[in-house]
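J.: This is target_17.tsv, which holds TSV, C-alpha atoms:
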```
chain	number	residue	atom	x	y	z
A	10	ARG	CA	23.24	-1.25	-19.64
A	11	PRO	CA	25.30	1.89	-20.46
A	12	GLY	CA	26.41	3.76	-17.38
A	13	GLN	CA	25.55	0.87	-15.06
A	14	PRO	CA	28.37	-0.97	-13.29
A	15	PRO	CA	28.80	-4.64	-14.23
A	16	VAL	CA	27.36	-7.27	-11.92
A	17	GLU	CA	29.30	-10.39	-11.09
A	18	PRO	CA	27.48	-13.54	-12.33
A	19	ASP	CA	27.55	-15.20	-8.90
A	20	ALA	CA	26.15	-12.10	-7.21
A	21	ALA	CA	23.40	-11.80	-9.82
A	22	ALA	CA	22.50	-15.47	-9.41
A	23	SER	CA	22.37	-15.26	-5.63
A	24	GLY	CA	20.25	-12.10	-5.84
A	25	THR	CA	17.82	-13.85	-8.18
A	26	GLU	CA	17.56	-16.81	-5.81
A	27	ARG	CA	16.85	-14.50	-2.87
A	28	LYS	CA	14.08	-12.79	-4.83
A	29	ARG	CA	12.57	-16.15	-5.77
A	30	ALA	CA	12.66	-17.31	-2.15
A	31	GLN	CA	11.07	-14.08	-0.95
A	32	ARG	CA	8.40	-14.26	-3.66
A	33	ALA	CA	7.60	-17.84	-2.65
A	34	GLU	CA	7.28	-16.80	1.00
A	35	ILE	CA	5.05	-13.85	0.10
A	36	ASP	CA	2.79	-16.08	-2.01
A	37	ALA	CA	2.56	-18.63	0.81
A	38	MET	CA	1.63	-15.92	3.34
A	39	LEU	CA	-0.96	-14.43	0.99
A	40	ASN	CA	-2.48	-17.86	0.48
A	41	GLU	CA	-2.58	-18.38	4.25
A	42	ALA	CA	-4.04	-14.94	4.96
A	43	MET	CA	-6.72	-15.24	2.30
A	44	GLN	CA	-7.93	-18.71	3.27
A	45	PRO	CA	-11.48	-18.56	4.63
A	46	PRO	CA	-11.48	-19.25	8.39
A	47	LEU	CA	-12.38	-22.77	9.40
A	48	ALA	CA	-15.98	-23.28	10.43
A	49	PRO	CA	-16.24	-22.76	14.20
A	50	PRO	CA	-17.23	-25.65	16.45
A	51	THR	CA	-20.91	-26.32	17.06
A	52	ARG	CA	-21.32	-24.14	20.16
A	53	ALA	CA	-19.52	-21.19	18.60
A	54	ALA	CA	-21.36	-21.57	15.30
A	55	VAL	CA	-24.75	-21.52	17.05
A	56	ALA	CA	-23.77	-18.53	19.22
A	57	LEU	CA	-22.42	-16.53	16.31
A	58	GLY	CA	-25.38	-17.37	14.10
A	59	ALA	CA	-27.89	-16.44	16.77
A	60	SER	CA	-26.08	-13.16	17.59
A	61	GLU	CA	-26.34	-13.83	21.31
A	62	LYS	CA	-25.83	-10.80	23.53
A	63	ALA	CA	-23.37	-12.75	25.65
A	64	VAL	CA	-20.95	-13.17	22.76
A	65	ALA	CA	-21.62	-9.87	20.93
A	66	PRO	CA	-18.35	-8.24	22.10
A	67	LEU	CA	-16.40	-11.29	20.94
A	68	VAL	CA	-18.16	-11.24	17.58
A	69	ASP	CA	-17.19	-7.57	17.15
A	70	THR	CA	-13.58	-8.37	17.98
A	71	LEU	CA	-13.57	-11.21	15.45
A	72	ALA	CA	-14.78	-8.78	12.78
A	73	ALA	CA	-12.01	-6.34	13.71
A	74	ILE	CA	-9.41	-9.11	13.55
A	75	ASP	CA	-10.59	-10.04	10.05
A	76	ALA	CA	-10.36	-6.38	8.98
A	77	ALA	CA	-6.82	-6.12	10.38
A	78	GLN	CA	-5.87	-9.27	8.49
A	79	GLN	CA	-7.07	-7.69	5.24
A	80	VAL	CA	-4.65	-4.81	5.85
A	81	ILE	CA	-1.82	-7.35	6.08
A	82	VAL	CA	-2.97	-8.82	2.75
A	83	GLU	CA	-2.80	-5.33	1.20
A	84	ASN	CA	0.69	-4.79	2.63
A	85	LEU	CA	1.93	-8.12	1.25
A	86	ARG	CA	0.45	-7.47	-2.19
A	87	ASN	CA	2.40	-4.22	-2.37
A	88	ILE	CA	5.71	-5.37	-0.95
A	89	GLU	CA	7.29	-4.84	-4.38
A	90	THR	CA	5.43	-1.58	-5.18
A	91	VAL	CA	7.86	1.34	-5.47
A	92	GLY	CA	7.43	3.87	-2.66
A	93	PHE	CA	4.58	1.94	-1.00
A	94	LYS	CA	3.95	2.69	2.67
A	95	GLY	CA	2.56	-0.16	4.73
A	96	SER	CA	-0.28	0.31	7.20
A	97	ARG	CA	-0.39	-0.64	10.86
A	98	THR	CA	-3.58	-1.52	12.70
A	99	ALA	CA	-4.82	-1.53	16.26
A	100	VAL	CA	-7.84	-3.59	17.32
A	101	GLY	CA	-9.74	-2.13	20.24
A	102	ASP	CA	-13.30	-2.29	21.51
A	103	GLY	CA	-15.97	-2.85	18.90
A	104	LYS	CA	-15.68	-3.64	15.21
A	105	ASP	CA	-13.59	-0.61	14.28
A	106	VAL	CA	-9.92	-0.95	13.45
A	107	ALA	CA	-7.58	2.00	13.92
A	108	ARG	CA	-5.41	2.21	10.81
A	109	GLN	CA	-2.23	4.25	10.55
A	110	LEU	CA	0.20	4.69	7.67
A	111	ASP	CA	3.82	3.76	8.38
A	112	VAL	CA	5.75	6.62	6.78
A	113	THR	CA	9.25	5.42	7.60
A	114	ASP	CA	11.61	5.51	4.62
A	115	GLY	CA	12.05	2.48	2.42
A	116	GLU	CA	15.46	1.32	1.23
A	117	LEU	CA	17.02	3.38	-1.57
A	118	GLN	CA	17.82	1.23	-4.59
A	119	PRO	CA	20.07	2.42	-7.43
A	120	THR	CA	18.64	2.09	-10.95
A	121	HIS	CA	20.89	4.46	-12.96
A	122	ARG	CA	17.78	5.47	-14.95
A	123	MET	CA	17.48	9.20	-15.75
A	124	LEU	CA	13.76	9.44	-14.92
A	125	ASP	CA	13.90	7.53	-11.64
A	126	VAL	CA	13.88	9.70	-8.52
A	127	ALA	CA	13.79	8.96	-4.80
A	128	ILE	CA	12.79	11.41	-2.09
A	129	GLN	CA	15.16	11.75	0.84
A	130	GLY	CA	13.33	13.17	3.82
A	131	ASP	CA	9.77	14.45	4.12
A	132	GLY	CA	7.44	14.95	1.23
A	133	PHE	CA	5.34	13.28	-1.45
A	134	LEU	CA	5.11	13.79	-5.18
A	135	GLN	CA	1.77	15.25	-6.22
A	136	VAL	CA	-0.13	13.58	-9.06
A	137	GLN	CA	-3.44	14.04	-10.83
A	138	VAL	CA	-5.88	11.24	-9.93
A	139	TYR	CA	-9.55	10.42	-10.33
A	140	THR	CA	-11.55	8.85	-7.48
A	141	PRO	CA	-15.19	7.70	-7.15
A	142	GLU	CA	-15.76	10.51	-4.65
A	143	LYS	CA	-14.38	13.07	-7.11
A	144	PRO	CA	-14.87	11.99	-10.73
A	145	GLU	CA	-13.22	15.24	-11.72
A	146	SER	CA	-9.47	15.56	-11.33
A	147	SER	CA	-8.14	15.61	-7.78
A	148	VAL	CA	-4.72	15.39	-6.17
A	149	GLY	CA	-3.03	12.21	-5.00
A	150	PHE	CA	0.28	11.85	-3.20
A	151	THR	CA	2.97	9.22	-3.70
A	152	ARG	CA	6.59	8.31	-3.00
A	153	ASN	CA	6.76	6.34	-6.25
A	154	GLY	CA	9.43	8.10	-8.27
A	155	ARG	CA	9.37	5.77	-11.27
A	156	LEU	CA	8.65	8.47	-13.83
A	157	TYR	CA	7.91	8.21	-17.54
A	158	MET	CA	7.22	10.57	-20.42
A	159	ASN	CA	3.83	10.07	-22.07
A	160	ARG	CA	2.98	10.69	-25.73
A	161	LYS	CA	2.48	14.40	-25.08
A	162	GLY	CA	5.89	14.76	-23.43
A	163	GLU	CA	4.34	15.10	-19.96
A	164	VAL	CA	6.17	13.49	-17.06
A	165	VAL	CA	3.91	10.97	-15.32
A	166	VAL	CA	4.09	8.39	-12.54
A	167	GLY	CA	3.51	4.96	-14.07
A	168	GLU	CA	3.69	3.77	-17.65
A	169	ALA	CA	1.44	4.75	-20.60
A	170	GLU	CA	-0.55	7.88	-19.77
A	171	GLY	CA	0.12	7.45	-16.05
A	172	TYR	CA	-0.61	10.05	-13.36
A	173	LYS	CA	0.54	13.52	-14.37
A	174	LEU	CA	2.89	15.33	-12.01
A	175	ILE	CA	1.66	18.47	-10.27
A	176	PRO	CA	2.87	21.04	-11.15
A	177	PRO	CA	3.12	19.76	-14.75
A	178	LEU	CA	6.55	18.91	-16.11
A	179	LEU	CA	6.94	18.86	-19.91
A	180	LEU	CA	10.01	17.49	-21.68
A	181	PRO	CA	11.03	18.75	-25.14
A	182	PRO	CA	10.62	16.30	-28.06
A	183	GLY	CA	13.71	14.22	-28.66
A	184	THR	CA	15.08	14.58	-25.13
A	185	THR	CA	17.98	12.20	-24.68
A	186	LYS	CA	19.68	13.62	-21.61
A	187	LEU	CA	18.04	14.61	-18.35
A	188	THR	CA	19.52	15.92	-15.13
A	189	ILE	CA	17.61	16.35	-11.85
A	190	ASP	CA	19.43	17.94	-8.95
A	191	ALA	CA	18.77	17.58	-5.23
A	192	ALA	CA	16.48	20.63	-5.25
A	193	GLY	CA	14.30	19.03	-7.95
A	194	ARG	CA	15.48	21.30	-10.78
A	195	VAL	CA	15.05	19.47	-14.10
A	196	ALA	CA	17.17	20.18	-17.20
A	197	ALA	CA	16.83	18.42	-20.56
A	198	ALA	CA	19.01	18.22	-23.68
A	199	ARG	CA	18.97	16.57	-27.09
A	200	ASP	CA	21.87	15.06	-28.99
A	201	THR	CA	21.89	17.83	-31.55
A	202	ALA	CA	24.24	20.64	-32.40
A	203	ASP	CA	21.72	23.29	-31.34
A	204	SER	CA	21.21	21.76	-27.91
A	205	PRO	CA	24.66	20.85	-26.56
A	206	THR	CA	23.88	21.42	-22.89
A	207	PRO	CA	20.76	20.73	-20.78
A	208	ALA	CA	18.28	23.59	-20.48
A	209	ALA	CA	15.95	24.09	-17.50
A	210	VAL	CA	12.45	22.74	-18.10
A	211	GLY	CA	10.89	22.81	-14.63
A	212	ARG	CA	11.17	21.83	-11.01
A	213	ILE	CA	9.77	19.02	-8.88
A	214	HIS	CA	7.56	20.13	-5.99
A	215	LEU	CA	6.80	18.09	-2.88
A	216	ALA	CA	3.85	18.07	-0.50
A	217	ARG	CA	4.06	17.72	3.28
A	218	PHE	CA	1.39	17.10	5.93
A	219	THR	CA	0.88	17.83	9.60
A	220	ASP	CA	0.19	14.12	10.15
A	221	PRO	CA	1.16	11.99	7.11
A	222	THR	CA	0.31	8.79	9.03
A	223	ALA	CA	-3.37	9.74	8.60
A	224	LEU	CA	-3.24	9.81	4.78
A	225	ARG	CA	-5.88	7.63	3.14
A	226	PRO	CA	-4.66	4.84	0.81
A	227	LEU	CA	-6.13	4.93	-2.69
A	228	GLY	CA	-4.21	1.86	-3.87
A	229	GLY	CA	-0.92	1.22	-5.64
A	230	GLY	CA	1.12	3.48	-3.38
A	231	ILE	CA	-1.02	6.58	-3.96
A	232	TYR	CA	-2.66	8.39	-1.05
A	233	ALA	CA	-5.23	11.11	-0.45
A	234	GLU	CA	-5.35	13.69	2.29
A	235	SER	CA	-7.84	13.30	5.13
A	236	ALA	CA	-9.24	15.55	7.82
A	237	ALA	CA	-6.73	14.05	10.27
A	238	SER	CA	-3.71	14.43	7.96
A	239	GLY	CA	-4.42	18.09	7.37
A	240	PRO	CA	-4.13	19.82	4.00
A	241	ALA	CA	-1.00	19.51	1.89
A	242	THR	CA	1.70	22.16	2.17
A	243	GLU	CA	3.44	22.40	-1.21
A	244	SER	CA	6.93	23.70	-1.88
A	245	PRO	CA	9.81	23.08	-4.29
A	246	ALA	CA	12.06	20.22	-3.22
A	247	ALA	CA	14.69	21.15	-0.60
A	248	GLU	CA	12.72	24.20	0.55
A	249	ARG	CA	10.59	24.82	3.67
A	250	GLY	CA	11.51	21.48	5.20
A	251	ALA	CA	10.71	19.39	2.12
A	252	GLY	CA	13.01	16.52	1.28
A	253	THR	CA	15.61	16.41	-1.47
A	254	VAL	CA	15.50	14.47	-4.74
A	255	LEU	CA	18.00	11.77	-5.71
A	256	GLN	CA	18.17	10.97	-9.41
A	257	GLY	CA	18.82	7.40	-10.55
A	258	PHE	CA	17.35	5.82	-7.40
A	259	LEU	CA	13.97	4.48	-6.29
A	260	GLU	CA	12.57	4.06	-2.79
A	261	ALA	CA	11.49	0.49	-2.11
A	262	SER	CA	8.33	-0.43	-0.22
A	263	ASN	CA	8.82	-0.20	3.55
A	264	VAL	CA	6.77	-3.35	4.23
A	265	ASP	CA	8.79	-5.73	6.41
A	266	LEU	CA	8.09	-9.37	5.61
A	267	VAL	CA	9.12	-10.65	9.05
A	268	ARG	CA	6.92	-8.11	10.83
A	269	GLU	CA	3.92	-8.95	8.65
A	270	ARG	CA	4.41	-12.66	9.31
A	271	LEU	CA	4.42	-12.06	13.07
A	272	ARG	CA	1.27	-9.90	12.83
A	273	LEU	CA	-0.53	-12.49	10.74
A	274	HIS	CA	0.27	-15.32	13.15
A	275	PHE	CA	-0.70	-13.16	16.15
A	276	LEU	CA	-4.11	-12.37	14.63
A	277	GLN	CA	-4.72	-15.98	13.66
A	278	THR	CA	-3.84	-17.17	17.17
A	279	TRP	CA	-6.06	-14.48	18.71
A	280	ARG	CA	-8.96	-15.47	16.48
A	281	ALA	CA	-8.60	-19.14	17.39
A	282	GLY	CA	-8.52	-18.20	21.08
A	283	LEU	CA	-11.76	-16.23	20.80
A	284	ILE	CA	-13.51	-19.09	19.03
A	285	GLY	CA	-12.32	-21.38	21.84
A	286	ALA	CA	-13.64	-18.96	24.46
A	287	ILE	CA	-17.06	-18.87	22.81
A	288	GLU	CA	-17.14	-22.66	22.63
A	289	ALA	CA	-16.42	-22.88	26.37
A	290	LEU	CA	-19.32	-20.60	27.37
A	291	PRO	CA	-22.37	-22.30	28.90
A	292	TYR	CA	-25.19	-22.64	26.42
A	293	THR	CA	-28.93	-22.95	26.93
A	294	PRO	CA	-30.97	-23.71	23.79
A	295	PRO	CA	-33.71	-21.13	23.14
A	296	ALA	CA	-37.14	-22.10	24.45
A	297	PRO	CA	-39.81	-22.89	21.84
A	298	THR	CA	-42.23	-20.07	21.04
A	299	PRO	CA	-45.46	-20.49	23.08
A	300	GLY	CA	-48.50	-21.53	21.05
A	301	ARG	CA	-46.44	-22.60	18.08
A	302	ARG	CA	-46.82	-26.21	16.99
A	303	THR	CA	-44.07	-28.13	15.34
A	304	THR	CA	-45.29	-30.38	12.56
A	305	VAL	CA	-43.26	-33.44	11.73
A	306	ARG	CA	-43.75	-34.44	8.12
A	307	PRO	CA	-43.51	-38.13	7.30
A	308	ALA	CA	-40.67	-39.21	5.12
A	309	ALA	CA	-41.41	-40.12	1.55
A	310	GLY	CA	-42.81	-43.65	1.26
A	311	GLU	CA	-44.18	-43.84	4.78
```
Now that the file is in, can you turn its structure into structure tokens?
T.:
Amino acid sequence: RPGQPPVEPDAAASGTERKRAQRAEIDAMLNEAMQPPLAPPTRAAVALGASEKAVAPLVDTLAAIDAAQQVIVENLRNIETVGFKGSRTAVGDGKDVARQLDVTDGELQPTHRMLDVAIQGDGFLQVQVYTPEKPESSVGFTRNGRLYMNRKGEVVVGEAEGYKLIPPLLLPPGTTKLTIDAAGRVAAARDTADSPTPAAVGRIHLARFTDPTALRPLGGGIYAESAASGPATESPAAERGAGTVLQGFLEASNVDLVRERLRLHFLQTWRAGLIGAIEALPYTPPAPTPGRRTTVRPAAGE
């Protein structure tokens, strides 16, 4: 690819093999995490089915463990999603699971593509999204800097029509050269005599939050503000504490495969231990209801 340094064949081959090995491990973990839990032993099955008061706290904890495991599944599914932020969970009393976004930076990966940008420091790109709660346009926030130009010349996150940037960024028809500086200033040029040098077309703005770990995932690396996160504070890149923009790079997902594997195994071991504890509890079968007769029907042919 023009402008991209050559890659040694051996290095490319080894990189491909590493990706294949990682993909195989991710698929195996997803398969393990999504397997339905084994049927509990007789005692536990009866206790859980009868919703006994004695085991109610354990039942609630089992539900919380299952919910935490689903968060791991979501993390694993997005391990290759650009700019994705994994979630951490804490299981406490009751069925509720405390969920918190991990906003640590992902690894910066060079792409040498003019419309790829990575954010260094605090801040999220703002995009136009539609949610079930707000069928009309609302604002989403993402670290996915894989940008494209749609048919109208609008810069969007994602291919096809994508999610439009906020504030809007429009590229002139026939743009062949694009420069984006650290402060998010965008200049475009065409390979024509009347447009020899890039001309300013707009600037990338970033949004910051009081508590970004409380942002609500919408899916695919896009997030919505919440009461706990506080409202977004918007500013041009590199101003008022917002991060800077790096053209030709993308921020990888910050999901750590080793950490997710340890979490998954911990939850599975915890779940098995709770089932074992329920099985070990003393059990007294419920007494028959007074005045109720049990009729035994003869088998066919008798």
J.: Can you pull out the residues contacting segment 176-181 of chain A? Cut-off 12 Å, using all atoms listed in the file, and skip same-chain residues under 3 positions away; I want them as number ranges by chain.
T.: A: 124, 134-137, 148, 156-166, 172-173, 184-188, 193-199, 204, 207-216, 243-245
J.: Rounded to one decimal place, report the atom CA of Arg217 of chain A-atom CA of Ala76 of chain A distance in Å.
T.: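 Calculated distance between atom CA of Arg217 of chain A and atom CA of Ala76 of chain A is 28.7 Å.
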J.: Write out as an MDAnalysis selection string each polymer residue whose atoms come within 6 Å of segment 247-252 of chain A, counting all atoms listed in the file; drop sequence neighbours fewer than 2 positions from it.
T.: chainID A and resid 129:132 192 245
J.: Counting all atoms listed in the file, which residue out of A:Arg108, A:Arg152, A:Arg225, A:Arg29 sits closest to Asn263 of chain A?
T.: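 So, comparing all the options, the nearest one is A:Arg152.
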J.: Rounded to one decimal, what separation in Å do you get between atom CA of Leu255 of chain A and atom CA of Ala191 of chain A?
T.: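 Between atom CA of Leu255 of chain A and atom CA of Ala191 of chain A the gap works out to 5.9 Å.
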J.: Have a look at atom CA of Gly95 of chain A and atom CA of Leu224 of chain A and let me know their distance in Å, one decimal.
T.: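 Calculated distance between atom CA of Gly95 of chain A and atom CA of Leu224 of chain A is 11.5 Å.
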J.: Leaving out Gly154 of chain A and any residue of its chain fewer than 6 positions from it, which residues lie within 6 Å of it when counting only C-alpha atoms, given as a list in words?
T.: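 Contacts, in chain order: Asp125, Val126 and Ala127 of chain A.
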J.: Quick one: residues within 7 Å of Lys104 of chain A, only C-alpha atoms counted, chain neighbours fewer than 2 positions away excluded, as a list of chain:residue names?
T.: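 Once the adjacent positions are removed, what remains is A:Asp69, A:Thr70, A:Ala72, A:Ala73, A:Asp102, A:Val106.
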J.: I want to know what sits within 12 Å of Ile74 of chain A, based on all atoms listed in the file, with residues of the same chain fewer than 2 positions away left out; could you give that as a VMD selection string?
T.: chain A and resid 42 46 67 to 72 76 to 81 98 to 107 272 to 283
J.: Identify which of the residues A:Leu174, A:Ala223, A:Ala233, A:Ala289 lies closest to Ser96 of chain A, counting all atoms listed in the file when measuring atom-to-atom distances.
T.: A:Ala223
J.: Identify which of the residues A:Ala246, A:Val138, A:Leu117, A:Leu266 lies closest to Gln31 of chain A, counting only C-alpha atoms when measuring atom-to-atom distances.
T.: A:Leu266
J.: Given the choices A:Arg86, A:His121, A:Arg97, A:Lys28, which gets closest to Gly230 of chain A if the distance is worked out from only C-alpha atoms?
T.: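 That would be A:Arg86, the residue with the smallest distance to Gly230 of chain A.
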J.: Nearest to Tyr232 of chain A among A:Gly92, A:Ala37, A:Thr151, A:Gly285, with distances taken over only C-alpha atoms: which residue is it?
T.: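 For Tyr232 of chain A, the nearest of the candidates is A:Thr151.
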J.: Point out the residue among A:Glu26, A:Glu34, A:Glu41, A:Glu234 with the least atom-to-atom distance to Val267 of chain A, counting all atoms listed in the file.
T.: A:Glu34
